[in-house]
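One file, target-v5.cif, is given below (mmCIF, C-alpha atoms and all ligand atoms; chains and numbers go by the auth columns).
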```
data_input
#
loop_
_atom_site.group_PDB
_atom_site.id
_atom_site.type_symbol
_atom_site.label_atom_id
_atom_site.label_comp_id
_atom_site.label_asym_id
_atom_site.label_seq_id
_atom_site.Cartn_x
_atom_site.Cartn_y
_atom_site.Cartn_z
_atom_site.B_iso_or_equiv
_atom_site.auth_seq_id
_atom_site.auth_asym_id
ATOM 1 C CA MET A 1 0.000 0.000 0.000 0.00 27 A
ATOM 2 C CA SER A 2 1.399 3.400 -0.976 0.00 28 A
ATOM 3 C CA LEU A 3 1.273 6.622 1.055 0.00 29 A
ATOM 4 C CA SER A 4 -1.282 8.050 -1.382 0.00 30 A
ATOM 5 C CA ASP A 5 -3.549 5.015 -0.746 0.00 31 A
ATOM 6 C CA ILE A 6 -3.327 5.638 2.992 0.00 32 A
ATOM 7 C CA ASN A 7 -4.419 9.241 2.468 0.00 33 A
ATOM 8 C CA ARG A 8 -7.311 8.211 0.249 0.00 34 A
ATOM 9 C CA GLU A 9 -8.682 5.299 2.279 0.00 35 A
ATOM 10 C CA ILE A 10 -10.684 5.281 5.496 0.00 36 A
ATOM 11 C CA THR A 11 -13.010 2.823 7.210 0.00 37 A
ATOM 12 C CA CYS A 12 -16.521 3.471 8.465 0.00 38 A
ATOM 13 C CA ARG A 13 -18.564 2.072 11.349 0.00 39 A
ATOM 14 C CA SER A 14 -21.970 2.726 9.807 0.00 40 A
ATOM 15 C CA ALA A 15 -23.183 2.949 6.216 0.00 41 A
ATOM 16 C CA LEU A 16 -26.819 4.079 6.269 0.00 42 A
ATOM 17 C CA SER A 17 -27.733 7.373 7.947 0.00 43 A
ATOM 18 C CA SER A 18 -31.138 8.886 8.591 0.00 44 A
ATOM 19 C CA SER A 19 -32.148 11.705 6.290 0.00 45 A
ATOM 20 C CA SER A 20 -32.775 15.049 7.955 0.00 46 A
ATOM 21 C CA LEU A 21 -35.740 15.598 5.609 0.00 47 A
ATOM 22 C CA SER A 22 -37.727 12.442 6.098 0.00 48 A
ATOM 23 C CA ASP A 23 -37.999 9.503 8.445 0.00 49 A
ATOM 24 C CA THR A 24 -38.693 7.225 5.486 0.00 50 A
ATOM 25 C CA GLU A 25 -35.341 7.807 3.837 0.00 51 A
ATOM 26 C CA LEU A 26 -31.760 6.850 4.418 0.00 52 A
ATOM 27 C CA SER A 27 -28.597 8.200 2.880 0.00 53 A
ATOM 28 C CA LEU A 28 -25.564 6.228 1.810 0.00 54 A
ATOM 29 C CA ASN A 29 -22.269 8.030 1.130 0.00 55 A
ATOM 30 C CA PRO A 30 -19.566 5.598 -0.089 0.00 56 A
ATOM 31 C CA TYR A 31 -16.986 8.391 -0.057 0.00 57 A
ATOM 32 C CA ALA A 32 -16.049 11.127 2.361 0.00 58 A
ATOM 33 C CA GLY A 33 -15.419 14.384 0.550 0.00 59 A
ATOM 34 C CA CYS A 34 -15.832 14.762 -3.190 0.00 60 A
ATOM 35 C CA GLY A 35 -13.511 15.297 -6.150 0.00 61 A
ATOM 36 C CA HIS A 36 -15.927 17.346 -8.247 0.00 62 A
ATOM 37 C CA GLY A 37 -14.999 20.577 -6.496 0.00 63 A
ATOM 38 C CA CYS A 38 -18.206 22.557 -7.084 0.00 64 A
ATOM 39 C CA TYR A 39 -17.878 26.167 -5.892 0.00 65 A
ATOM 40 C CA TYR A 40 -21.378 26.156 -4.418 0.00 66 A
ATOM 41 C CA CYS A 41 -20.977 22.891 -2.494 0.00 67 A
ATOM 42 C CA TYR A 42 -22.144 23.329 1.056 0.00 68 A
ATOM 43 C CA ALA A 43 -21.242 19.822 2.238 0.00 69 A
ATOM 44 C CA PRO A 44 -18.110 21.003 4.103 0.00 70 A
ATOM 45 C CA TYR A 45 -20.201 23.627 5.935 0.00 71 A
ATOM 46 C CA VAL A 46 -22.772 21.012 6.944 0.00 72 A
ATOM 47 C CA THR A 47 -20.422 18.159 7.817 0.00 73 A
ATOM 48 C CA HIS A 48 -17.606 20.405 9.113 0.00 74 A
ATOM 49 C CA ARG A 49 -15.199 18.022 7.407 0.00 75 A
ATOM 50 C CA SER A 50 -12.698 18.383 4.590 0.00 76 A
ATOM 51 C CA MET A 51 -13.881 17.699 1.028 0.00 77 A
ATOM 52 C CA ASN A 52 -10.623 15.926 0.274 0.00 78 A
ATOM 53 C CA PRO A 53 -11.994 12.734 -1.335 0.00 79 A
ATOM 54 C CA ARG A 54 -11.484 9.470 0.580 0.00 80 A
ATOM 55 C CA ALA A 55 -12.866 5.996 -0.050 0.00 81 A
ATOM 56 C CA LYS A 56 -14.732 4.214 2.779 0.00 82 A
ATOM 57 C CA VAL A 57 -13.148 0.934 1.824 0.00 83 A
ATOM 58 C CA ASN A 58 -15.267 -1.310 4.100 0.00 84 A
ATOM 59 C CA ILE A 59 -18.627 0.305 3.342 0.00 85 A
ATOM 60 C CA ALA A 60 -20.117 -2.586 1.325 0.00 86 A
ATOM 61 C CA ASP A 61 -19.482 -5.024 4.207 0.00 87 A
ATOM 62 C CA VAL A 62 -20.955 -2.629 6.753 0.00 88 A
ATOM 63 C CA LEU A 63 -23.956 -2.032 4.484 0.00 89 A
ATOM 64 C CA ARG A 64 -24.570 -5.790 4.146 0.00 90 A
ATOM 65 C CA ARG A 65 -24.726 -6.132 7.931 0.00 91 A
ATOM 66 C CA GLU A 66 -27.086 -3.179 8.283 0.00 92 A
ATOM 67 C CA LEU A 67 -29.396 -4.437 5.534 0.00 93 A
ATOM 68 C CA LYS A 68 -29.553 -7.842 7.227 0.00 94 A
ATOM 69 C CA SER A 69 -30.556 -6.140 10.474 0.00 95 A
ATOM 70 C CA GLY A 70 -33.597 -4.602 8.737 0.00 96 A
ATOM 71 C CA LYS A 71 -32.372 -1.007 8.948 0.00 97 A
ATOM 72 C CA ALA A 72 -33.615 -0.158 5.441 0.00 98 A
ATOM 73 C CA TYR A 73 -36.967 -1.936 5.694 0.00 99 A
ATOM 74 C CA HIS A 74 -39.567 0.078 3.719 0.00 100 A
ATOM 75 C CA LYS A 75 -37.145 2.975 3.317 0.00 101 A
ATOM 76 C CA THR A 76 -35.573 4.695 0.318 0.00 102 A
ATOM 77 C CA VAL A 77 -31.804 4.656 0.150 0.00 103 A
ATOM 78 C CA ALA A 78 -30.370 7.812 -1.451 0.00 104 A
ATOM 79 C CA LEU A 79 -26.903 7.780 -2.982 0.00 105 A
ATOM 80 C CA SER A 80 -25.683 10.226 -2.009 0.00 106 A
ATOM 81 C CA THR A 81 -26.248 13.275 0.171 0.00 107 A
ATOM 82 C CA VAL A 82 -22.823 14.732 0.942 0.00 108 A
ATOM 83 C CA THR A 83 -20.734 13.292 -1.894 0.00 109 A
ATOM 84 C CA ASP A 84 -21.130 12.239 -5.531 0.00 110 A
ATOM 85 C CA PRO A 85 -21.359 8.421 -5.680 0.00 111 A
ATOM 86 C CA TYR A 86 -19.742 8.455 -9.154 0.00 112 A
ATOM 87 C CA GLN A 87 -16.964 10.925 -8.429 0.00 113 A
ATOM 88 C CA PRO A 88 -13.480 10.158 -9.873 0.00 114 A
ATOM 89 C CA LEU A 89 -12.422 7.739 -7.083 0.00 115 A
ATOM 90 C CA GLU A 90 -15.299 5.426 -8.007 0.00 116 A
ATOM 91 C CA ARG A 91 -13.507 4.406 -11.218 0.00 117 A
ATOM 92 C CA GLU A 92 -10.860 2.741 -9.115 0.00 118 A
ATOM 93 C CA TYR A 93 -12.628 1.708 -5.900 0.00 119 A
ATOM 94 C CA LYS A 94 -16.054 0.681 -7.287 0.00 120 A
ATOM 95 C CA LEU A 95 -17.615 1.173 -3.844 0.00 121 A
ATOM 96 C CA THR A 96 -20.883 2.508 -5.256 0.00 122 A
ATOM 97 C CA ARG A 97 -21.107 -0.496 -7.547 0.00 123 A
ATOM 98 C CA ARG A 98 -20.467 -2.869 -4.645 0.00 124 A
ATOM 99 C CA CYS A 99 -23.080 -1.105 -2.516 0.00 125 A
ATOM 100 C CA LEU A 100 -25.625 -1.341 -5.347 0.00 126 A
ATOM 101 C CA ILE A 101 -25.074 -5.100 -5.480 0.00 127 A
ATOM 102 C CA GLU A 102 -25.787 -5.331 -1.735 0.00 128 A
ATOM 103 C CA LEU A 103 -28.919 -3.196 -2.132 0.00 129 A
ATOM 104 C CA LEU A 104 -30.082 -5.299 -5.062 0.00 130 A
ATOM 105 C CA ASN A 105 -29.754 -8.452 -2.981 0.00 131 A
ATOM 106 C CA TYR A 106 -32.024 -6.787 -0.445 0.00 132 A
ATOM 107 C CA ASN A 107 -34.446 -5.524 -3.146 0.00 133 A
ATOM 108 C CA ALA A 108 -34.199 -1.993 -1.717 0.00 134 A
ATOM 109 C CA TYR A 109 -35.703 1.159 -3.234 0.00 135 A
ATOM 110 C CA VAL A 110 -32.762 3.232 -4.409 0.00 136 A
ATOM 111 C CA SER A 111 -32.404 6.771 -5.711 0.00 137 A
ATOM 112 C CA VAL A 112 -29.060 7.731 -7.254 0.00 138 A
ATOM 113 C CA GLN A 113 -28.022 11.293 -8.029 0.00 139 A
ATOM 114 C CA THR A 114 -24.801 12.246 -9.775 0.00 140 A
ATOM 115 C CA LYS A 115 -22.995 14.537 -12.211 0.00 141 A
ATOM 116 C CA SER A 116 -21.036 11.727 -13.849 0.00 142 A
ATOM 117 C CA SER A 117 -21.644 9.515 -16.875 0.00 143 A
ATOM 118 C CA LEU A 118 -19.754 6.779 -15.014 0.00 144 A
ATOM 119 C CA VAL A 119 -23.194 5.654 -13.801 0.00 145 A
ATOM 120 C CA LEU A 120 -23.632 3.987 -17.206 0.00 146 A
ATOM 121 C CA ARG A 121 -21.009 1.422 -16.178 0.00 147 A
ATOM 122 C CA ASP A 122 -23.531 0.066 -13.638 0.00 148 A
ATOM 123 C CA VAL A 123 -26.601 -0.135 -15.861 0.00 149 A
ATOM 124 C CA ASP A 124 -26.362 -3.923 -15.733 0.00 150 A
ATOM 125 C CA ILE A 125 -27.110 -3.761 -11.985 0.00 151 A
ATOM 126 C CA ILE A 126 -29.416 -0.739 -12.028 0.00 152 A
ATOM 127 C CA LYS A 127 -31.758 -2.378 -14.540 0.00 153 A
ATOM 128 C CA ARG A 128 -32.339 -5.306 -12.207 0.00 154 A
ATOM 129 C CA PHE A 129 -33.894 -3.232 -9.398 0.00 155 A
ATOM 130 C CA GLU A 130 -37.660 -3.212 -9.152 0.00 156 A
ATOM 131 C CA ARG A 131 -37.635 0.284 -7.666 0.00 157 A
ATOM 132 C CA MET A 132 -34.784 2.499 -8.770 0.00 158 A
ATOM 133 C CA GLU A 133 -34.265 5.966 -10.220 0.00 159 A
ATOM 134 C CA VAL A 134 -31.198 7.821 -11.460 0.00 160 A
ATOM 135 C CA GLY A 135 -30.967 11.599 -11.526 0.00 161 A
ATOM 136 C CA PHE A 136 -28.525 14.176 -12.739 0.00 162 A
ATOM 137 C CA THR A 137 -27.810 17.546 -11.213 0.00 163 A
ATOM 138 C CA ILE A 138 -27.841 20.211 -13.919 0.00 164 A
ATOM 139 C CA THR A 139 -27.290 23.905 -13.211 0.00 165 A
ATOM 140 C CA SER A 140 -26.288 25.526 -16.509 0.00 166 A
ATOM 141 C CA LEU A 141 -25.075 24.780 -20.025 0.00 167 A
ATOM 142 C CA GLU A 142 -21.474 25.623 -19.131 0.00 168 A
ATOM 143 C CA PRO A 143 -21.006 25.204 -15.400 0.00 169 A
ATOM 144 C CA PHE A 144 -17.422 26.444 -14.986 0.00 170 A
ATOM 145 C CA TYR A 145 -18.082 26.417 -11.215 0.00 171 A
ATOM 146 C CA GLU A 146 -18.293 22.567 -11.280 0.00 172 A
ATOM 147 C CA PRO A 147 -14.693 22.142 -12.510 0.00 173 A
ATOM 148 C CA HIS A 148 -14.262 18.364 -12.277 0.00 174 A
ATOM 149 C CA ALA A 149 -17.761 17.107 -13.079 0.00 175 A
ATOM 150 C CA ASP A 150 -18.855 15.980 -16.536 0.00 176 A
ATOM 151 C CA PRO A 151 -19.997 18.756 -18.908 0.00 177 A
ATOM 152 C CA THR A 152 -23.746 19.334 -19.000 0.00 178 A
ATOM 153 C CA GLU A 153 -24.017 18.013 -22.547 0.00 179 A
ATOM 154 C CA LYS A 154 -22.572 14.686 -21.419 0.00 180 A
ATOM 155 C CA ARG A 155 -25.010 14.536 -18.490 0.00 181 A
ATOM 156 C CA ILE A 156 -27.921 15.080 -20.871 0.00 182 A
ATOM 157 C CA GLU A 157 -26.657 12.410 -23.240 0.00 183 A
ATOM 158 C CA THR A 158 -26.290 10.027 -20.286 0.00 184 A
ATOM 159 C CA LEU A 159 -29.867 10.721 -19.196 0.00 185 A
ATOM 160 C CA LYS A 160 -31.004 9.783 -22.686 0.00 186 A
ATOM 161 C CA GLU A 161 -29.015 6.548 -22.531 0.00 187 A
ATOM 162 C CA LEU A 162 -30.557 5.663 -19.174 0.00 188 A
ATOM 163 C CA LYS A 163 -34.014 6.397 -20.545 0.00 189 A
ATOM 164 C CA LYS A 164 -33.353 4.102 -23.490 0.00 190 A
ATOM 165 C CA GLU A 165 -32.508 1.369 -20.994 0.00 191 A
ATOM 166 C CA GLY A 166 -35.950 1.852 -19.421 0.00 192 A
ATOM 167 C CA ILE A 167 -34.598 3.415 -16.216 0.00 193 A
ATOM 168 C CA ARG A 168 -36.651 6.018 -14.368 0.00 194 A
ATOM 169 C CA THR A 169 -34.777 9.357 -14.456 0.00 195 A
ATOM 170 C CA PHE A 170 -34.983 12.814 -12.929 0.00 196 A
ATOM 171 C CA VAL A 171 -33.110 16.096 -13.108 0.00 197 A
ATOM 172 C CA PHE A 172 -32.242 18.078 -10.032 0.00 198 A
ATOM 173 C CA ILE A 173 -32.064 21.688 -11.251 0.00 199 A
ATOM 174 C CA GLY A 174 -30.104 23.134 -8.418 0.00 200 A
ATOM 175 C CA PRO A 175 -28.751 25.060 -6.959 0.00 201 A
ATOM 176 C CA VAL A 176 -30.360 27.616 -9.249 0.00 202 A
ATOM 177 C CA MET A 177 -27.485 29.927 -10.142 0.00 203 A
ATOM 178 C CA PRO A 178 -28.820 33.415 -10.980 0.00 204 A
ATOM 179 C CA GLU A 179 -28.166 34.207 -14.651 0.00 205 A
ATOM 180 C CA PHE A 180 -26.407 30.897 -15.473 0.00 206 A
ATOM 181 C CA THR A 181 -29.371 28.584 -14.799 0.00 207 A
ATOM 182 C CA LEU A 182 -32.093 30.860 -16.125 0.00 208 A
ATOM 183 C CA GLN A 183 -31.667 30.194 -19.829 0.00 209 A
ATOM 184 C CA ASP A 184 -34.434 28.873 -22.065 0.00 210 A
ATOM 185 C CA GLU A 185 -31.966 26.734 -23.973 0.00 211 A
ATOM 186 C CA LEU A 186 -30.964 24.841 -20.838 0.00 212 A
ATOM 187 C CA PHE A 187 -34.577 23.904 -20.062 0.00 213 A
ATOM 188 C CA GLU A 188 -35.123 22.899 -23.672 0.00 214 A
ATOM 189 C CA ARG A 189 -32.107 20.580 -23.528 0.00 215 A
ATOM 190 C CA ILE A 190 -33.389 19.050 -20.274 0.00 216 A
ATOM 191 C CA ARG A 191 -36.781 18.453 -21.876 0.00 217 A
ATOM 192 C CA GLU A 192 -35.103 16.597 -24.740 0.00 218 A
ATOM 193 C CA ALA A 193 -33.725 14.121 -22.196 0.00 219 A
ATOM 194 C CA GLU A 194 -37.339 13.316 -21.153 0.00 220 A
ATOM 195 C CA PRO A 195 -36.773 12.960 -17.404 0.00 221 A
ATOM 196 C CA ASP A 196 -39.701 11.501 -15.481 0.00 222 A
ATOM 197 C CA TYR A 197 -39.633 14.547 -13.223 0.00 223 A
ATOM 198 C CA VAL A 198 -37.541 17.551 -12.248 0.00 224 A
ATOM 199 C CA VAL A 199 -36.860 19.223 -8.918 0.00 225 A
ATOM 200 C CA VAL A 200 -35.781 22.846 -8.477 0.00 226 A
ATOM 201 C CA ASP A 201 -33.827 24.086 -5.504 0.00 227 A
ATOM 202 C CA ARG A 202 -32.408 27.500 -4.764 0.00 228 A
ATOM 203 C CA LEU A 203 -28.809 28.382 -4.028 0.00 229 A
ATOM 204 C CA ARG A 204 -28.166 28.123 -0.304 0.00 230 A
ATOM 205 C CA ILE A 205 -25.241 30.190 0.900 0.00 231 A
ATOM 206 C CA LYS A 206 -24.071 28.725 4.194 0.00 232 A
ATOM 207 C CA LYS A 207 -21.909 30.720 6.566 0.00 233 A
ATOM 208 C CA GLY A 208 -18.368 30.619 5.176 0.00 234 A
ATOM 209 C CA MET A 209 -19.435 30.214 1.505 0.00 235 A
ATOM 210 C CA GLU A 210 -19.862 33.909 0.743 0.00 236 A
ATOM 211 C CA GLU A 211 -16.384 34.352 -0.747 0.00 237 A
ATOM 212 C CA LYS A 212 -16.838 31.448 -3.164 0.00 238 A
ATOM 213 C CA ILE A 213 -20.088 32.886 -4.481 0.00 239 A
ATOM 214 C CA LYS A 214 -18.437 36.303 -4.762 0.00 240 A
ATOM 215 C CA GLU A 215 -15.697 34.695 -6.886 0.00 241 A
ATOM 216 C CA ILE A 216 -18.412 33.792 -9.387 0.00 242 A
ATOM 217 C CA TYR A 217 -20.572 36.897 -9.287 0.00 243 A
ATOM 218 C CA GLY A 218 -18.518 39.630 -7.646 0.00 244 A
ATOM 219 C CA LYS A 219 -21.463 40.433 -5.389 0.00 245 A
ATOM 220 C CA ASP A 220 -23.711 39.100 -2.608 0.00 246 A
ATOM 221 C CA PHE A 221 -27.293 37.883 -2.942 0.00 247 A
ATOM 222 C CA SER A 222 -30.147 38.149 -0.472 0.00 248 A
ATOM 223 C CA ALA A 223 -32.242 35.067 0.345 0.00 249 A
ATOM 224 C CA SER A 224 -35.213 36.661 -1.414 0.00 250 A
ATOM 225 C CA GLU A 225 -33.193 37.213 -4.616 0.00 251 A
ATOM 226 C CA LEU A 226 -32.157 33.560 -4.585 0.00 252 A
ATOM 227 C CA GLU A 227 -35.724 32.391 -3.986 0.00 253 A
ATOM 228 C CA ALA A 228 -36.936 34.646 -6.830 0.00 254 A
ATOM 229 C CA ALA A 229 -34.361 33.024 -9.149 0.00 255 A
ATOM 230 C CA ALA A 230 -35.629 29.568 -8.147 0.00 256 A
ATOM 231 C CA GLU A 231 -39.212 30.665 -8.795 0.00 257 A
ATOM 232 C CA ARG A 232 -38.175 31.852 -12.255 0.00 258 A
ATOM 233 C CA ALA A 233 -36.601 28.416 -12.848 0.00 259 A
ATOM 234 C CA ARG A 234 -39.917 26.792 -11.861 0.00 260 A
ATOM 235 C CA ASP A 235 -41.695 29.015 -14.383 0.00 261 A
ATOM 236 C CA LEU A 236 -39.231 27.898 -17.048 0.00 262 A
ATOM 237 C CA CYS A 237 -39.945 24.254 -16.164 0.00 263 A
ATOM 238 C CA ALA A 238 -43.650 24.884 -16.731 0.00 264 A
ATOM 239 C CA ALA A 239 -42.960 26.760 -19.972 0.00 265 A
ATOM 240 C CA HIS A 240 -40.929 23.828 -21.290 0.00 266 A
ATOM 241 C CA GLY A 241 -43.391 21.136 -20.265 0.00 267 A
ATOM 242 C CA LEU A 242 -41.260 19.581 -17.527 0.00 268 A
ATOM 243 C CA ASN A 243 -42.933 17.600 -14.776 0.00 269 A
ATOM 244 C CA LEU A 244 -41.971 19.716 -11.772 0.00 270 A
ATOM 245 C CA VAL A 245 -42.142 18.053 -8.375 0.00 271 A
ATOM 246 C CA ARG A 246 -42.336 20.603 -5.570 0.00 272 A
ATOM 247 C CA GLN A 247 -40.579 18.511 -2.966 0.00 273 A
ATOM 248 C CA PRO A 248 -37.686 16.179 -3.756 0.00 274 A
ATOM 249 C CA LEU A 249 -38.622 12.523 -3.249 0.00 275 A
ATOM 250 C CA TRP A 250 -35.506 12.225 -1.133 0.00 276 A
ATOM 251 C CA LYS A 251 -32.799 14.514 0.039 0.00 277 A
ATOM 252 C CA PRO A 252 -30.506 15.070 -2.962 0.00 278 A
ATOM 253 C CA HIS A 253 -26.753 15.193 -2.739 0.00 279 A
ATOM 254 C CA LEU A 254 -25.583 18.772 -2.724 0.00 280 A
HETATM 255 S S1 LIG B . -21.909 19.694 -4.889 0.00 301 A
HETATM 256 FE FE1 LIG B . -21.993 17.455 -4.983 0.00 301 A
HETATM 257 S S2 LIG B . -20.732 16.937 -6.749 0.00 301 A
HETATM 258 FE FE2 LIG B . -20.206 19.033 -6.199 0.00 301 A
HETATM 259 S S3 LIG B . -18.453 18.871 -4.794 0.00 301 A
HETATM 260 FE FE3 LIG B . -20.303 18.919 -3.519 0.00 301 A
HETATM 261 S S4 LIG B . -20.828 16.773 -3.189 0.00 301 A
HETATM 262 FE FE4 LIG B . -19.421 16.850 -4.941 0.00 301 A
#
```

Turn the structure described in the file into structure tokens.
Amino acid sequence: MSLSDINREITCRSALSSSSLSDTELSLNPYAGCGHGCYYCYAPYVTHRSMNPRAKVNIADVLRRELKSGKAYHKTVALSTVTDPYQPLEREYKLTRRCLIELLNYNAYVSVQTKSSLVLRDVDIIKRFERMEVGFTITSLEPFYEPHADPTEKRIETLKELKKEGIRTFVFIGPVMPEFTLQDELFERIREAEPDYVVVDRLRIKKGMEEKIKEIYGKDFSASELEAAAERARDLCAAHGLNLVRQPLWKPHL
């Protein structure tokens, strides 16, 4: 084992955590931190931990034990809430894939959300679930503030591929970035991917994030300005015939 492996690998004691939004949902984060590096990510301000990506190398074993104990009975398992389950480390560690296999054995209801076309690698497993959905976060046509995630065009093409495979899909339009998200063309491109539903969420600027948002815009926003931008995004969903769901079915990853 090399020094870089030691820095990238950790172990976990639990796999499934309760969602703060619903008592019928659980979250599963196979990685700590995230390599996508989105400027608006508020995970470090919520978890108070570094976003340096690390693999929870024992998570599939821990998950198997928890599933056997009945922890996920009649609950939705969301991958993920404070990381991207298909971030760059997943190519090597395949922890999300291994967790999906455990969840499939249990016949769990699973909701995956990502910004990476790597999810296509696991279509062979995803297609075997009775209750499964895959969503993509999309915030603009050229999201320079998501430096290491797949380009939006690739996300849209991946959604189309998933649809062709008969997989239920959704788009999480969020956080709504004033100006960058509010473009007719973006909503038209999302419509072409034919997601089963879309969710809109506003930009949430946690304490400590102000400077990052200022790097993008050179100014501050009030909560009411951010809510107004999200409302405009909802109007654009309606104008483009998207099936807008007011509340996410589960807590999305950030
Ligand atoms: S917003 Fe999501 S994809 Fe981006 S860095 Fe945070 S956890 Fe990763």

Quick one: which residues end up in the PyMOL selection byres (((chain A and resi 234-236) around 10) and not hetatm) for this structure, as a ChimeraX atom specification? /A:65-68,70-71,230-233,237-241,245-247

Given all atoms listed in the file, how would the per-residue table for chain A near ligand LIG 301 (chain A) read, listing every residue at most 6 Å away with its closest atom pair and distance in Å to one decimal, sorted by chain and number, as JSON lines?
```
{"residue": "A:Cys60", "atom": "CA", "partner": "A:LIG301", "partner_atom": "FE4", "distance": 4.5}
{"residue": "A:His62", "atom": "CA", "partner": "A:LIG301", "partner_atom": "S3", "distance": 4.5}
{"residue": "A:Gly63", "atom": "CA", "partner": "A:LIG301", "partner_atom": "S3", "distance": 4.2}
{"residue": "A:Cys64", "atom": "CA", "partner": "A:LIG301", "partner_atom": "FE2", "distance": 4.1}
{"residue": "A:Cys67", "atom": "CA", "partner": "A:LIG301", "partner_atom": "S1", "distance": 4.1}
{"residue": "A:Ala69", "atom": "CA", "partner": "A:LIG301", "partner_atom": "FE3", "distance": 5.9}
{"residue": "A:Val108", "atom": "CA", "partner": "A:LIG301", "partner_atom": "S4", "distance": 5.0}
{"residue": "A:Thr109", "atom": "CA", "partner": "A:LIG301", "partner_atom": "S4", "distance": 3.7}
{"residue": "A:Asp110", "atom": "CA", "partner": "A:LIG301", "partner_atom": "S2", "distance": 4.9}
{"residue": "A:His279", "atom": "CA", "partner": "A:LIG301", "partner_atom": "FE1", "distance": 5.7}
{"residue": "A:Leu280", "atom": "CA", "partner": "A:LIG301", "partner_atom": "S1", "distance": 4.4}
```

Same residues, C-alpha atoms, saved as a PDB file, in the coordinates of the input:
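Result saved to result-v1.pdb:
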```pdb
ATOM      1  CA  CYS A  60     -15.832  14.762  -3.190  1.00  0.00           C
ATOM      2  CA  HIS A  62     -15.927  17.346  -8.247  1.00  0.00           C
ATOM      3  CA  GLY A  63     -14.999  20.577  -6.496  1.00  0.00           C
ATOM      4  CA  CYS A  64     -18.206  22.557  -7.084  1.00  0.00           C
ATOM      5  CA  CYS A  67     -20.977  22.891  -2.494  1.00  0.00           C
ATOM      6  CA  ALA A  69     -21.242  19.822   2.238  1.00  0.00           C
ATOM      7  CA  VAL A 108     -22.823  14.732   0.942  1.00  0.00           C
ATOM      8  CA  THR A 109     -20.734  13.292  -1.894  1.00  0.00           C
ATOM      9  CA  ASP A 110     -21.130  12.239  -5.531  1.00  0.00           C
ATOM     10  CA  HIS A 279     -26.753  15.193  -2.739  1.00  0.00           C
ATOM     11  CA  LEU A 280     -25.583  18.772  -2.724  1.00  0.00           C
TER      12      LEU A 280
END
```

Contacts of region 95-107 of chain A at 6 Å (only C-alpha atoms; same-chain gap of 2+ positions) as a count of residues only: 16

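The space between CA of Ala41 (chain A) and CA of Tyr57 (chain A) spans 10.4 Å.
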
Contacts of Asn84 (chain A) within 8 Å, only C-alpha atoms, excl. fewer than 2 positions in-chain, as an MDAnalysis selection string: chainID A and resid 37:38 82 86:88

What residues have an atom no more than 12 Å from (-30.7, 26.6, -10.7) in the file's own frame, counting all atoms listed in the file, and can you write them as JSON, numbers by chain? {"A": [66, 163, 164, 165, 166, 167, 169, 197, 198, 199, 200, 201, 202, 203, 204, 205, 206, 207, 208, 209, 212, 213, 224, 225, 226, 227, 228, 229, 230, 252, 253, 254, 255, 256, 257, 258, 259, 260, 261, 262, 263]}

Residues from last step as file, C-alpha atoms, as an mmCIF file, in the coordinates of the input:
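Wrote it out as out-v7.cif, contents follow:
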```
data_model
loop_
_atom_site.group_PDB
_atom_site.id
_atom_site.type_symbol
_atom_site.label_atom_id
_atom_site.label_comp_id
_atom_site.auth_asym_id
_atom_site.auth_seq_id
_atom_site.Cartn_x
_atom_site.Cartn_y
_atom_site.Cartn_z
ATOM 1 C CA TYR A 66 -21.378 26.156 -4.418
ATOM 2 C CA THR A 163 -27.810 17.546 -11.213
ATOM 3 C CA ILE A 164 -27.841 20.211 -13.919
ATOM 4 C CA THR A 165 -27.290 23.905 -13.211
ATOM 5 C CA SER A 166 -26.288 25.526 -16.509
ATOM 6 C CA LEU A 167 -25.075 24.780 -20.025
ATOM 7 C CA PRO A 169 -21.006 25.204 -15.400
ATOM 8 C CA VAL A 197 -33.110 16.096 -13.108
ATOM 9 C CA PHE A 198 -32.242 18.078 -10.032
ATOM 10 C CA ILE A 199 -32.064 21.688 -11.251
ATOM 11 C CA GLY A 200 -30.104 23.134 -8.418
ATOM 12 C CA PRO A 201 -28.751 25.060 -6.959
ATOM 13 C CA VAL A 202 -30.360 27.616 -9.249
ATOM 14 C CA MET A 203 -27.485 29.927 -10.142
ATOM 15 C CA PRO A 204 -28.820 33.415 -10.980
ATOM 16 C CA GLU A 205 -28.166 34.207 -14.651
ATOM 17 C CA PHE A 206 -26.407 30.897 -15.473
ATOM 18 C CA THR A 207 -29.371 28.584 -14.799
ATOM 19 C CA LEU A 208 -32.093 30.860 -16.125
ATOM 20 C CA GLN A 209 -31.667 30.194 -19.829
ATOM 21 C CA LEU A 212 -30.964 24.841 -20.838
ATOM 22 C CA PHE A 213 -34.577 23.904 -20.062
ATOM 23 C CA VAL A 224 -37.541 17.551 -12.248
ATOM 24 C CA VAL A 225 -36.860 19.223 -8.918
ATOM 25 C CA VAL A 226 -35.781 22.846 -8.477
ATOM 26 C CA ASP A 227 -33.827 24.086 -5.504
ATOM 27 C CA ARG A 228 -32.408 27.500 -4.764
ATOM 28 C CA LEU A 229 -28.809 28.382 -4.028
ATOM 29 C CA ARG A 230 -28.166 28.123 -0.304
ATOM 30 C CA LEU A 252 -32.157 33.560 -4.585
ATOM 31 C CA GLU A 253 -35.724 32.391 -3.986
ATOM 32 C CA ALA A 254 -36.936 34.646 -6.830
ATOM 33 C CA ALA A 255 -34.361 33.024 -9.149
ATOM 34 C CA ALA A 256 -35.629 29.568 -8.147
ATOM 35 C CA GLU A 257 -39.212 30.665 -8.795
ATOM 36 C CA ARG A 258 -38.175 31.852 -12.255
ATOM 37 C CA ALA A 259 -36.601 28.416 -12.848
ATOM 38 C CA ARG A 260 -39.917 26.792 -11.861
ATOM 39 C CA ASP A 261 -41.695 29.015 -14.383
ATOM 40 C CA LEU A 262 -39.231 27.898 -17.048
ATOM 41 C CA CYS A 263 -39.945 24.254 -16.164
#
```

Minimum-distance residue to Glu116 (chain A), chosen among A:Asp222, A:Asp148, A:Glu128, A:Glu211 (using only C-alpha atoms):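 Nearest to Glu116 (chain A): A:Asp148.
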